[in-house]
Each structure stands twice: as C-alpha cells, then as structure tokens.
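Here is query19.tsv, consisting of TSV, C-alpha atoms:
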chain	number	residue	atom	x	y	z
A	377	MET	CA	-20.56	32.85	31.33
A	378	SER	CA	-20.59	29.73	29.23
A	379	VAL	CA	-17.58	28.76	27.16
A	380	ALA	CA	-18.19	27.90	23.50
A	381	PRO	CA	-17.39	24.22	22.88
A	382	VAL	CA	-14.27	23.35	20.92
A	383	ARG	CA	-15.18	23.01	17.24
A	384	PHE	CA	-14.08	20.24	14.88
A	385	GLN	CA	-13.98	20.33	11.07
A	386	ALA	CA	-15.99	18.17	8.69
A	387	ARG	CA	-13.99	15.38	6.99
A	388	ASN	CA	-13.70	16.09	3.27
A	389	SER	CA	-10.70	14.28	1.75
A	390	ILE	CA	-7.78	12.03	2.63
A	391	GLU	CA	-5.39	14.89	1.89
A	392	GLN	CA	-7.24	17.24	4.23
A	393	VAL	CA	-7.40	14.65	7.02
A	394	GLU	CA	-3.87	13.24	6.69
A	395	GLU	CA	-1.76	16.17	5.52
A	396	GLY	CA	-3.62	19.26	6.70
A	397	ASP	CA	-4.02	21.18	9.93
A	398	ASP	CA	-7.77	20.66	10.37
A	399	LEU	CA	-8.82	18.79	13.48
A	400	ALA	CA	-11.41	16.47	11.91
A	401	PRO	CA	-11.70	13.46	14.22
A	402	LYS	CA	-13.40	10.29	13.07
A	403	PHE	CA	-15.88	8.92	15.58
A	404	ASP	CA	-17.02	5.34	14.97
A	405	ASP	CA	-20.59	4.11	14.66
A	406	ARG	CA	-20.90	4.29	18.46
A	407	GLY	CA	-19.76	7.91	18.38
A	408	LEU	CA	-16.40	7.01	19.95
A	409	ILE	CA	-12.73	7.52	19.17
A	410	THR	CA	-9.86	5.42	20.58
A	411	VAL	CA	-7.55	7.15	23.05
A	412	VAL	CA	-4.02	6.12	24.05
A	413	THR	CA	-2.67	7.75	27.21
A	414	THR	CA	1.03	7.80	28.08
A	415	ASP	CA	3.07	9.38	30.86
A	416	PHE	CA	4.64	12.57	29.52
A	417	GLU	CA	7.93	12.07	31.35
A	418	THR	CA	8.50	8.32	31.08
A	419	GLY	CA	6.62	7.41	27.89
A	420	GLU	CA	4.95	4.60	29.81
A	421	LEU	CA	1.57	3.51	28.46
A	422	LEU	CA	-0.91	4.25	31.24
A	423	MET	CA	-4.24	3.27	29.73
A	424	GLN	CA	-6.27	2.90	26.56
A	425	GLY	CA	-9.80	4.27	26.54
A	426	PHE	CA	-12.41	6.02	24.45
A	427	MET	CA	-13.83	9.52	24.05
A	428	ASN	CA	-17.05	10.76	22.57
A	429	ALA	CA	-17.13	14.23	21.00
A	430	GLU	CA	-18.00	15.90	24.31
A	431	ALA	CA	-15.12	14.18	26.14
A	432	LEU	CA	-12.67	15.32	23.45
A	433	GLN	CA	-13.99	18.89	23.57
A	434	LEU	CA	-13.74	18.99	27.37
A	435	THR	CA	-10.25	17.48	27.34
A	436	ILE	CA	-9.07	20.21	24.96
A	437	SER	CA	-10.85	23.06	26.70
A	438	THR	CA	-10.02	22.10	30.31
A	439	GLY	CA	-6.60	20.46	29.84
A	440	GLU	CA	-7.70	17.47	31.93
A	441	ALA	CA	-8.42	14.04	30.45
A	442	HIS	CA	-12.08	13.19	29.98
A	443	TYR	CA	-13.15	9.80	28.61
A	444	TYR	CA	-16.37	8.02	27.78
A	445	SER	CA	-16.94	4.93	29.91
A	446	ARG	CA	-18.40	2.20	27.72
A	447	SER	CA	-19.32	0.01	30.71
A	448	ARG	CA	-21.04	2.81	32.63
A	449	GLN	CA	-22.14	4.70	29.48
A	450	VAL	CA	-21.27	8.08	30.92
A	451	LEU	CA	-18.84	10.92	30.37
A	452	TRP	CA	-15.96	10.28	32.72
A	453	HIS	CA	-13.68	12.96	34.15
A	454	LYS	CA	-10.70	10.79	35.02
A	455	GLY	CA	-9.75	11.27	38.64
A	456	ALA	CA	-13.07	12.78	39.74
A	457	THR	CA	-13.51	9.86	42.18
A	458	SER	CA	-9.94	8.71	42.80
A	459	GLY	CA	-8.19	12.08	42.69
A	460	LEU	CA	-5.81	10.65	40.06
A	461	VAL	CA	-6.45	13.47	37.57
A	462	GLN	CA	-4.52	13.41	34.28
A	463	THR	CA	-3.20	16.81	33.18
A	464	VAL	CA	-2.72	16.95	29.42
A	465	ARG	CA	0.70	18.12	28.29
A	466	GLU	CA	0.18	17.27	24.63
A	467	LEU	CA	-2.74	15.94	22.57
A	468	LEU	CA	-1.96	14.38	19.19
A	469	VAL	CA	-3.96	12.70	16.43
A	470	ASP	CA	-2.92	9.95	14.03
A	471	ASP	CA	-2.88	10.05	10.24
A	472	ASP	CA	-6.56	9.28	9.59
A	473	GLN	CA	-7.63	10.96	12.85
A	474	ASP	CA	-9.37	7.94	14.35
A	475	CYS	CA	-7.05	7.80	17.37
A	476	ILE	CA	-6.01	10.35	20.00
A	477	TRP	CA	-2.69	10.26	21.85
A	478	LEU	CA	-2.75	11.98	25.24
A	479	ARG	CA	0.58	12.71	26.90
A	480	VAL	CA	-0.20	13.45	30.54
A	481	ASP	CA	1.08	14.08	34.03
A	482	VAL	CA	-0.78	11.99	36.59
A	483	ALA	CA	-1.66	13.27	40.05
A	484	GLY	CA	-0.71	10.58	42.57
A	485	GLY	CA	1.36	8.77	39.97
A	486	ALA	CA	-1.15	6.01	39.25
A	487	SER	CA	-3.77	5.44	36.58
A	488	CYS	CA	-5.15	1.94	37.05
A	489	HIS	CA	-8.17	0.99	39.14
A	490	VAL	CA	-6.41	-2.24	40.17
A	491	GLY	CA	-3.84	-0.12	42.01
A	492	TYR	CA	-0.83	-0.17	39.72
A	493	ARG	CA	0.88	2.83	38.17
A	494	SER	CA	-0.24	1.69	34.71
A	495	CYS	CA	-3.01	-0.63	33.53
A	496	PHE	CA	-0.24	-2.56	31.77
A	497	TYR	CA	1.35	-4.31	34.74
A	498	ARG	CA	1.94	-7.75	33.17
A	499	LYS	CA	3.92	-8.92	30.18
A	500	VAL	CA	3.77	-12.13	28.19
A	501	ALA	CA	6.65	-14.24	29.46
A	502	GLY	CA	7.01	-16.31	26.30
A	503	ALA	CA	5.17	-18.48	23.84
A	504	GLY	CA	4.58	-21.23	26.43
A	505	ALA	CA	6.26	-24.63	26.51
A	506	GLU	CA	5.10	-27.35	24.13
A	507	GLY	CA	1.36	-27.75	24.62
A	508	GLU	CA	1.26	-25.26	27.51
A	509	PRO	CA	-0.59	-21.95	27.33
A	510	ALA	CA	1.34	-18.68	27.27
A	511	ALA	CA	1.73	-17.08	30.71
A	512	LEU	CA	2.02	-13.59	32.12
A	513	GLU	CA	4.63	-12.09	34.42
A	514	ALA	CA	4.25	-9.09	36.73
A	515	ILE	CA	6.43	-6.08	35.91
A	516	TYR	CA	5.93	-4.09	39.14
A	517	ASP	CA	6.88	-5.27	42.62
A	518	ASP	CA	4.04	-3.45	44.33
A	519	LYS	CA	0.83	-1.58	43.74
A	520	ALA	CA	1.12	2.22	43.73
A	521	TYR	CA	-1.93	2.65	45.96
A	522	ASP	CA	-4.63	0.64	47.70
A	523	PRO	CA	-7.74	0.78	45.51
A	524	SER	CA	-10.00	-0.40	48.35
A	525	LYS	CA	-9.21	2.88	50.15
A	526	VAL	CA	-9.59	5.13	47.12
A	527	TYR	CA	-12.76	3.59	45.72
A	528	GLN	CA	-14.40	2.70	49.04
A	529	LYS	CA	-18.20	2.61	49.34
B	836	MET	CA	7.68	-29.22	10.84
B	837	SER	CA	4.74	-27.11	11.95
B	838	VAL	CA	4.90	-25.13	15.18
B	839	ALA	CA	1.98	-25.48	17.60
B	840	PRO	CA	0.10	-22.17	17.84
B	841	VAL	CA	0.41	-20.13	21.01
B	842	ARG	CA	-2.44	-21.07	23.36
B	843	PHE	CA	-4.64	-18.66	25.33
B	844	GLN	CA	-6.71	-19.43	28.44
B	845	ALA	CA	-10.48	-19.22	28.76
B	846	ARG	CA	-11.76	-16.20	30.72
B	847	ASN	CA	-13.33	-17.33	33.99
B	848	SER	CA	-13.36	-14.52	36.55
B	849	ILE	CA	-12.30	-10.93	37.09
B	850	GLU	CA	-9.71	-12.09	39.61
B	851	GLN	CA	-8.20	-14.56	37.14
B	852	VAL	CA	-8.12	-12.00	34.33
B	853	GLU	CA	-6.91	-9.00	36.35
B	854	GLU	CA	-4.71	-10.46	39.06
B	855	GLY	CA	-3.48	-13.76	37.64
B	856	ASP	CA	-0.82	-14.91	35.22
B	857	ASP	CA	-3.14	-16.45	32.62
B	858	LEU	CA	-3.02	-14.89	29.19
B	859	ALA	CA	-6.77	-14.72	28.50
B	860	PRO	CA	-7.25	-11.98	25.90
B	861	LYS	CA	-10.69	-10.53	25.23
B	862	PHE	CA	-11.50	-10.27	21.53
B	863	ASP	CA	-14.51	-8.10	20.67
B	864	ASP	CA	-17.54	-9.10	18.61
B	865	ARG	CA	-15.45	-8.67	15.45
B	866	GLY	CA	-12.82	-11.02	16.90
B	867	LEU	CA	-10.36	-8.15	17.38
B	868	ILE	CA	-8.29	-6.73	20.21
B	869	THR	CA	-6.87	-3.19	20.34
B	870	VAL	CA	-3.09	-2.84	20.03
B	871	VAL	CA	-0.93	0.10	21.05
B	872	THR	CA	2.60	0.12	19.64
B	873	THR	CA	5.39	2.26	21.08
B	874	ASP	CA	9.09	2.62	20.33
B	875	PHE	CA	11.04	0.62	22.93
B	876	GLU	CA	13.82	3.17	23.26
B	877	THR	CA	11.98	6.50	23.05
B	878	GLY	CA	8.50	5.59	24.36
B	879	GLU	CA	7.03	7.34	21.33
B	880	LEU	CA	3.60	6.13	20.25
B	881	LEU	CA	4.10	4.72	16.76
B	882	MET	CA	0.65	3.41	15.84
B	883	GLN	CA	-2.62	2.01	17.14
B	884	GLY	CA	-4.04	-1.06	15.40
B	885	PHE	CA	-5.88	-4.30	15.90
B	886	MET	CA	-5.07	-8.01	16.10
B	887	ASN	CA	-7.21	-11.07	15.67
B	888	ALA	CA	-6.27	-14.25	17.55
B	889	GLU	CA	-3.98	-15.43	14.74
B	890	ALA	CA	-2.13	-12.11	14.59
B	891	LEU	CA	-1.53	-12.23	18.36
B	892	GLN	CA	-0.33	-15.83	18.19
B	893	LEU	CA	2.06	-15.04	15.35
B	894	THR	CA	3.35	-11.92	17.08
B	895	ILE	CA	4.19	-13.95	20.18
B	896	SER	CA	5.67	-16.92	18.33
B	897	THR	CA	7.72	-14.97	15.73
B	898	GLY	CA	8.64	-11.88	17.75
B	899	GLU	CA	7.54	-9.64	14.88
B	900	ALA	CA	4.38	-7.52	14.98
B	901	HIS	CA	1.41	-8.89	13.09
B	902	TYR	CA	-1.88	-7.00	12.91
B	903	TYR	CA	-5.29	-7.46	11.37
B	904	SER	CA	-6.09	-4.84	8.74
B	905	ARG	CA	-9.73	-3.83	9.12
B	906	SER	CA	-9.77	-1.96	5.80
B	907	ARG	CA	-8.21	-4.82	3.81
B	908	GLN	CA	-9.66	-7.56	6.07
B	909	VAL	CA	-6.44	-9.57	6.07
B	910	LEU	CA	-3.73	-10.67	8.46
B	911	TRP	CA	-0.97	-8.12	8.11
B	912	HIS	CA	2.70	-8.78	8.81
B	913	LYS	CA	3.84	-5.21	9.41
B	914	GLY	CA	6.77	-4.38	7.15
B	915	ALA	CA	6.20	-7.23	4.67
B	916	THR	CA	5.74	-4.63	1.91
B	917	SER	CA	7.65	-1.62	3.23
B	918	GLY	CA	10.49	-3.43	5.00
B	919	LEU	CA	9.63	-1.45	8.16
B	920	VAL	CA	9.36	-4.59	10.33
B	921	GLN	CA	8.61	-4.13	14.04
B	922	THR	CA	10.64	-6.39	16.34
B	923	VAL	CA	8.85	-6.98	19.63
B	924	ARG	CA	10.93	-6.28	22.73
B	925	GLU	CA	8.05	-6.59	25.17
B	926	LEU	CA	4.36	-7.48	24.88
B	927	LEU	CA	2.04	-6.45	27.72
B	928	VAL	CA	-1.68	-6.70	28.44
B	929	ASP	CA	-3.91	-4.36	30.41
B	930	ASP	CA	-6.01	-5.14	33.47
B	931	ASP	CA	-9.05	-6.67	31.72
B	932	GLN	CA	-6.91	-7.98	28.84
B	933	ASP	CA	-8.76	-6.18	26.06
B	934	CYS	CA	-5.70	-4.22	24.96
B	935	ILE	CA	-2.16	-5.21	23.96
B	936	TRP	CA	0.89	-2.97	24.37
B	937	LEU	CA	3.74	-3.76	21.98
B	938	ARG	CA	7.12	-2.20	22.72
B	939	VAL	CA	9.13	-2.53	19.52
B	940	ASP	CA	12.26	-1.68	17.60
B	941	VAL	CA	11.44	-0.48	14.09
B	942	ALA	CA	13.59	-1.33	11.08
B	943	GLY	CA	14.17	1.87	9.10
B	944	GLY	CA	12.96	3.96	12.02
B	945	ALA	CA	9.51	4.71	10.61
B	946	SER	CA	6.06	3.23	11.12
B	947	CYS	CA	3.58	5.42	9.28
B	948	HIS	CA	2.42	4.95	5.70
B	949	VAL	CA	2.32	8.74	5.25
B	950	GLY	CA	6.11	8.77	5.70
B	951	TYR	CA	6.61	10.01	9.23
B	952	ARG	CA	8.39	8.20	12.03
B	953	SER	CA	5.10	7.85	13.91
B	954	CYS	CA	1.46	8.00	12.80
B	955	PHE	CA	1.07	10.73	15.41
B	956	TYR	CA	2.80	13.62	13.62
B	957	ARG	CA	0.40	16.43	14.54
B	958	LYS	CA	-0.75	17.89	17.83
B	959	VAL	CA	-3.73	20.04	18.72
B	960	ALA	CA	-2.39	23.57	18.95
B	961	GLY	CA	-5.11	24.87	21.26
B	962	ALA	CA	-8.83	25.14	21.75
B	963	GLY	CA	-9.20	27.57	18.82
B	964	ALA	CA	-9.98	31.27	19.05
B	965	GLU	CA	-13.55	32.41	19.74
B	966	GLY	CA	-15.76	30.80	17.13
B	967	GLU	CA	-12.82	29.25	15.25
B	968	PRO	CA	-12.24	25.50	14.98
B	969	ALA	CA	-9.33	23.87	16.78
B	970	ALA	CA	-6.24	23.46	14.58
B	971	LEU	CA	-3.33	21.03	14.29
B	972	GLU	CA	0.39	21.70	14.26
B	973	ALA	CA	3.13	19.49	12.79
B	974	ILE	CA	5.61	18.03	15.27
B	975	TYR	CA	8.25	16.77	12.81
B	976	ASP	CA	10.17	18.96	10.36
B	977	ASP	CA	10.43	16.24	7.71
B	978	LYS	CA	9.15	12.85	6.72
B	979	ALA	CA	11.39	9.90	7.63
B	980	TYR	CA	11.06	8.33	4.19
B	981	ASP	CA	9.30	8.84	0.87
B	982	PRO	CA	6.23	6.61	0.83
B	983	SER	CA	5.86	6.90	-2.95
B	984	LYS	CA	9.15	4.99	-3.28
B	985	VAL	CA	8.40	2.35	-0.65
B	986	TYR	CA	4.84	1.61	-1.70
B	987	GLN	CA	5.28	2.10	-5.45
B	988	LYS	CA	3.21	0.08	-7.92

Would you mind writing the file out in structure tokens?
Amino acid sequence: MSVAPVRFQARNSIEQVEEGDDLAPKFDDRGLITVVTTDFETGELLMQGFMNAEALQLTISTGEAHYYSRSRQVLWHKGATSGLVQTVRELLVDDDQDCIWLRVDVAGGASCHVGYRSCFYRKVAGAGAEGEPAALEAIYDDKAYDPSKVYQK
Amino acid sequence: MSVAPVRFQARNSIEQVEEGDDLAPKFDDRGLITVVTTDFETGELLMQGFMNAEALQLTISTGEAHYYSRSRQVLWHKGATSGLVQTVRELLVDDDQDCIWLRVDVAGGASCHVGYRSCFYRKVAGAGAEGEPAALEAIYDDKAYDPSKVYQK
C-alpha cells in the first residue's frame, strides 16, 4: 500500500502565508528551502541544510529528518549511513515560509560528519588584534565519535 | 578615528577550513552567507537571515547583529527601526564555514516583524488527513508587540 504524499497549499497572499494555517512553503529557484535543525532538549544548533519538496514531505510523513544534499544532488535520509538518525519532535515554519525549523532528538548524540556533536564547534574569539585576522576557538573538548569508523570505505 | 575592518582568511584546504582556527567564511555567488539566530538564554530560533562580508565584519566589531536584506538589497542593522536590537553573546561557524550561528539577547524580547517573539510561530500539526493538505498550528497565544505601532509611517 502506498501512502499519499503530504500536500502543500499554493501561495496566494501575504496574509495567507504569514497569518494563516496553510502550509505553503516557498522553494527557491533551485527547488530548495532552508532548514535549521536544533536539539529538542538543549536548543543547540546542530546543522543547517536544505530540503526539496520530497524531503519535506518525507520528513513530515516519516517523522525522521530528510534533506537534499546540494553537493551530492540527492535526497538524503540523515543517518542512513552513520546511524545518527534525527527524530523530529517539532517542525515549524517562519513568517514567509521560506525556512523550516526542525527540533529533533539525535540517535548517538552527534550530527556532524567531522565528529562533533554539532556542526557548530568553533566560535569567533574576537575581532582580531590590530591588523590581525579574526580567529576561531574550539567549544568542545573532544569529538563525540570517530568519523573514520562511521564513514569507513 | 576609523576602525580597521575585521579581517577574514583565504580558504585554502578542507583541513584548514574544518579543523583549524582560521575564520575563512564562504560567501555564495551572491556574496552572502546564511545566518541562524537563536536566543542565548532559551535556545529558541528567532530568525534565519543572510550577511554579506560587511554585515559579518560589523557584527563582529560592534557586537550587534547586522544582516543583508535580500528584498531591500541593503545592509541592515537589526533593530535600527524597531529598537529590537540583537546583542551578540556568541558567534559560531559550522564545519565548512558557510553558515553563521548568532546567539543573542534581544532588546524588547521580540525579533519578528509580524509581532511574535520569534519568526517561527507556527508548527506543522501533522501530515494531514487522507487527501487533505498539511496544516499549521500557532505556538504562541499572543503577539509580543504591535507591529503597526513599531513600524508606523
């Protein structure tokens, strides 16, 4: 038995899009919408990615985060390779519906291919001394997992 | 006295960009980088926007969020009109440095031009019944301020 895909509404007016209860996402000229993914419990920003219409439909219907990989140009079920599946606790849209906010629980507690819990593992340490470039500073002591073991081959 | 602009590094290798302490942001073909802005205290996602190089430099040097408005095509000091200035508590970059995470305190406690605390004031309520489109559900009871008073004229 096939499941009918999640349906979106056509975009008709600012009032409909911003103040109504229609899900009428705006995909850009590449057919993509920006996605921001945070940890449901901690509020930590885990990653920023993109979805096409199919990825958004599958995310809603399955409850697991699907993205569109711009580099690989494929639908991407997050965690299919690494096991680090993201279970969606809440899916929100912004005012003009050109951005999706996923609040998720992460299997294995890590979301970044480099091995850290979050893709955002460095902060800007300051503006840089006179004439020196700005520098970054690590915010985690250690990686959450060894990516060479998870993504081997 | 003029202040020297914050300097970025050239992007040379994946290792430098992903594992090093050089701030080497990747601006896209429009000269923009994606920005995700969350409330420092609550972790709430407030907005998703864009910066050009100047906006990023000013954000780092002043400690207040500056964006680039794609619709108005201008540098945008958030709060200059509304008073809802965002003070940066922490500024992070992701692995490949094509996304900025701003953790901010917000004057007035609101960030959305529609009047809500966050631009993300609606969630997807479910996949939609058989044949019906998916629908949204409000997550706040009330707006945080009256935008017709803040943005009058």

Present chain A as a short mmCIF file (atom, residue, chain, number, x, y, z; two decimals) with C-alpha atoms, in the frame of the given file, least-squares fitted onto chain B over all of its C-alpha atoms paired in order.
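The resulting file, superposed.cif, is reproduced below:
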data_model
loop_
_atom_site.label_atom_id
_atom_site.label_comp_id
_atom_site.auth_asym_id
_atom_site.auth_seq_id
_atom_site.Cartn_x
_atom_site.Cartn_y
_atom_site.Cartn_z
CA MET A 377 7.72 -29.30 10.96
CA SER A 378 4.79 -27.18 12.01
CA VAL A 379 4.91 -25.15 15.20
CA ALA A 380 1.97 -25.49 17.59
CA PRO A 381 0.10 -22.17 17.83
CA VAL A 382 0.41 -20.14 21.01
CA ARG A 383 -2.45 -21.08 23.35
CA PHE A 384 -4.64 -18.68 25.32
CA GLN A 385 -6.72 -19.43 28.42
CA ALA A 386 -10.49 -19.23 28.74
CA ARG A 387 -11.77 -16.20 30.70
CA ASN A 388 -13.34 -17.34 33.96
CA SER A 389 -13.36 -14.52 36.54
CA ILE A 390 -12.30 -10.93 37.09
CA GLU A 391 -9.71 -12.10 39.60
CA GLN A 392 -8.21 -14.57 37.13
CA VAL A 393 -8.12 -12.00 34.32
CA GLU A 394 -6.92 -8.99 36.34
CA GLU A 395 -4.71 -10.46 39.05
CA GLY A 396 -3.48 -13.77 37.64
CA ASP A 397 -0.83 -14.92 35.22
CA ASP A 398 -3.15 -16.46 32.61
CA LEU A 399 -3.02 -14.90 29.17
CA ALA A 400 -6.77 -14.72 28.48
CA PRO A 401 -7.26 -11.98 25.89
CA LYS A 402 -10.69 -10.54 25.22
CA PHE A 403 -11.51 -10.29 21.53
CA ASP A 404 -14.50 -8.10 20.67
CA ASP A 405 -17.53 -9.11 18.62
CA ARG A 406 -15.44 -8.68 15.46
CA GLY A 407 -12.82 -11.03 16.88
CA LEU A 408 -10.35 -8.16 17.39
CA ILE A 409 -8.28 -6.73 20.21
CA THR A 410 -6.86 -3.18 20.33
CA VAL A 411 -3.09 -2.85 20.03
CA VAL A 412 -0.92 0.11 21.06
CA THR A 413 2.61 0.12 19.64
CA THR A 414 5.39 2.27 21.09
CA ASP A 415 9.10 2.63 20.35
CA PHE A 416 11.03 0.62 22.94
CA GLU A 417 13.82 3.18 23.28
CA THR A 418 11.97 6.50 23.09
CA GLY A 419 8.49 5.59 24.37
CA GLU A 420 7.04 7.35 21.34
CA LEU A 421 3.61 6.14 20.26
CA LEU A 422 4.09 4.72 16.77
CA MET A 423 0.65 3.41 15.87
CA GLN A 424 -2.61 1.99 17.15
CA GLY A 425 -4.03 -1.05 15.40
CA PHE A 426 -5.87 -4.31 15.91
CA MET A 427 -5.06 -8.01 16.09
CA ASN A 428 -7.20 -11.07 15.66
CA ALA A 429 -6.26 -14.25 17.53
CA GLU A 430 -3.98 -15.44 14.73
CA ALA A 431 -2.11 -12.11 14.59
CA LEU A 432 -1.54 -12.23 18.36
CA GLN A 433 -0.33 -15.84 18.20
CA LEU A 434 2.06 -15.04 15.34
CA THR A 435 3.35 -11.92 17.07
CA ILE A 436 4.19 -13.96 20.18
CA SER A 437 5.66 -16.92 18.32
CA THR A 438 7.71 -14.98 15.74
CA GLY A 439 8.64 -11.87 17.76
CA GLU A 440 7.54 -9.63 14.89
CA ALA A 441 4.38 -7.51 14.99
CA HIS A 442 1.41 -8.90 13.09
CA TYR A 443 -1.88 -6.98 12.91
CA TYR A 444 -5.29 -7.45 11.37
CA SER A 445 -6.10 -4.82 8.75
CA ARG A 446 -9.73 -3.82 9.12
CA SER A 447 -9.77 -1.95 5.79
CA ARG A 448 -8.20 -4.80 3.82
CA GLN A 449 -9.65 -7.55 6.06
CA VAL A 450 -6.45 -9.56 6.07
CA LEU A 451 -3.73 -10.66 8.46
CA TRP A 452 -0.97 -8.11 8.12
CA HIS A 453 2.70 -8.77 8.81
CA LYS A 454 3.84 -5.21 9.41
CA GLY A 455 6.76 -4.38 7.17
CA ALA A 456 6.19 -7.21 4.68
CA THR A 457 5.73 -4.59 1.92
CA SER A 458 7.64 -1.59 3.26
CA GLY A 459 10.48 -3.41 5.00
CA LEU A 460 9.65 -1.45 8.18
CA VAL A 461 9.36 -4.59 10.34
CA GLN A 462 8.62 -4.13 14.06
CA THR A 463 10.65 -6.39 16.35
CA VAL A 464 8.86 -6.98 19.64
CA ARG A 465 10.94 -6.29 22.73
CA GLU A 466 8.05 -6.59 25.18
CA LEU A 467 4.36 -7.50 24.88
CA LEU A 468 2.05 -6.46 27.72
CA VAL A 469 -1.68 -6.71 28.44
CA ASP A 470 -3.92 -4.37 30.41
CA ASP A 471 -6.01 -5.16 33.46
CA ASP A 472 -9.06 -6.67 31.72
CA GLN A 473 -6.92 -7.99 28.84
CA ASP A 474 -8.77 -6.18 26.06
CA CYS A 475 -5.69 -4.21 24.96
CA ILE A 476 -2.16 -5.22 23.96
CA TRP A 477 0.88 -2.98 24.38
CA LEU A 478 3.73 -3.75 21.99
CA ARG A 479 7.12 -2.21 22.72
CA VAL A 480 9.13 -2.53 19.52
CA ASP A 481 12.26 -1.67 17.60
CA VAL A 482 11.46 -0.48 14.09
CA ALA A 483 13.61 -1.33 11.08
CA GLY A 484 14.17 1.87 9.10
CA GLY A 485 12.95 3.97 12.01
CA ALA A 486 9.50 4.71 10.60
CA SER A 487 6.06 3.23 11.11
CA CYS A 488 3.58 5.43 9.27
CA HIS A 489 2.42 4.96 5.68
CA VAL A 490 2.32 8.76 5.25
CA GLY A 491 6.11 8.78 5.67
CA TYR A 492 6.60 10.02 9.21
CA ARG A 493 8.39 8.20 12.01
CA SER A 494 5.10 7.85 13.90
CA CYS A 495 1.46 8.00 12.80
CA PHE A 496 1.09 10.75 15.41
CA TYR A 497 2.82 13.62 13.62
CA ARG A 498 0.40 16.44 14.54
CA LYS A 499 -0.74 17.89 17.83
CA VAL A 500 -3.73 20.04 18.70
CA ALA A 501 -2.39 23.58 18.94
CA GLY A 502 -5.11 24.85 21.26
CA ALA A 503 -8.83 25.14 21.73
CA GLY A 504 -9.20 27.56 18.80
CA ALA A 505 -9.98 31.27 19.04
CA GLU A 506 -13.54 32.39 19.74
CA GLY A 507 -15.76 30.78 17.13
CA GLU A 508 -12.80 29.25 15.25
CA PRO A 509 -12.23 25.51 14.98
CA ALA A 510 -9.31 23.88 16.77
CA ALA A 511 -6.22 23.46 14.57
CA LEU A 512 -3.33 21.04 14.29
CA GLU A 513 0.40 21.69 14.25
CA ALA A 514 3.13 19.48 12.78
CA ILE A 515 5.63 18.05 15.27
CA TYR A 516 8.26 16.79 12.80
CA ASP A 517 10.20 18.94 10.35
CA ASP A 518 10.44 16.24 7.71
CA LYS A 519 9.16 12.85 6.70
CA ALA A 520 11.40 9.91 7.61
CA TYR A 521 11.05 8.33 4.17
CA ASP A 522 9.30 8.84 0.84
CA PRO A 523 6.22 6.60 0.83
CA SER A 524 5.83 6.89 -2.96
CA LYS A 525 9.13 4.99 -3.30
CA VAL A 526 8.39 2.36 -0.67
CA TYR A 527 4.81 1.62 -1.68
CA GLN A 528 5.23 2.10 -5.43
CA LYS A 529 3.03 0.16 -7.87
#

Show me the residues around (8.6, -23.4, 24.9) - criterion: an atom at most 12 Å away, all atoms listed in the file counted - as number ranges by chain. A: 501-511; B: 838-842, 895-896

Check: which chain B residues lie within 9 Å of chain A using only C-alpha atoms, as a PyMOL selection string: chain B and resi 839-844+853-858+869+871+873+877-880+882-883+892+895-896+925-931+934-936+947-949+953-963+965-973

Can you pull out the residues contacting B:His912? Cut-off 9 Å, using only C-alpha atoms, and skip same-chain residues under 3 positions away; I want them as a compact mmCIF listing (two decimals) with C-alpha atoms, in the coordinates of the input.
# COMPACT_ATOMS: atom_id res chain seq x y z
CA ALA B 890 -2.13 -12.11 14.59
CA THR B 894 3.35 -11.92 17.08
CA GLU B 899 7.54 -9.64 14.88
CA ALA B 900 4.38 -7.52 14.98
CA HIS B 901 1.41 -8.89 13.09
CA TYR B 902 -1.88 -7.00 12.91
CA TYR B 903 -5.29 -7.46 11.37
CA ALA B 915 6.20 -7.23 4.67
CA THR B 916 5.74 -4.63 1.91
CA VAL B 920 9.36 -4.59 10.33

How many Å separate atom CA of B:Asp940 from atom CA of B:Val923?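 One can read the atom CA of B:Asp940 to atom CA of B:Val923 distance as 6.6 Å.
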
Please indicate the distance in Å from atom CA of B:Ser904 to atom CA of B:Tyr975, rounded to one decimal place.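 Rounded to one decimal, the two atoms are 26.3 Å apart.
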
Top pick for closest residue to A:Ser458, considering A:Asn388, A:Arg406, A:Asp522, A:Asn428 and counting all atoms listed in the file: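 Comparing A:Asn388, A:Arg406, A:Asp522, A:Asn428 against A:Ser458, the winner is A:Asp522.
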
Straight-line distance linking atom CA of A:Ala429 with atom CA of A:Thr463, stated in Å to one decimal: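 Computed distance, atom CA of A:Ala429 to atom CA of A:Thr463, equals 18.7 Å.
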
Enclosing box along x, y and z for every listed atom of stretch 430-437 of chain A, padded 3 Å each side, centre and size in Å, one decimal, as JSON:
{"center_x": -13.5, "center_y": 18.6, "center_z": 25.4, "size_x": 14.9, "size_y": 14.9, "size_z": 9.9}
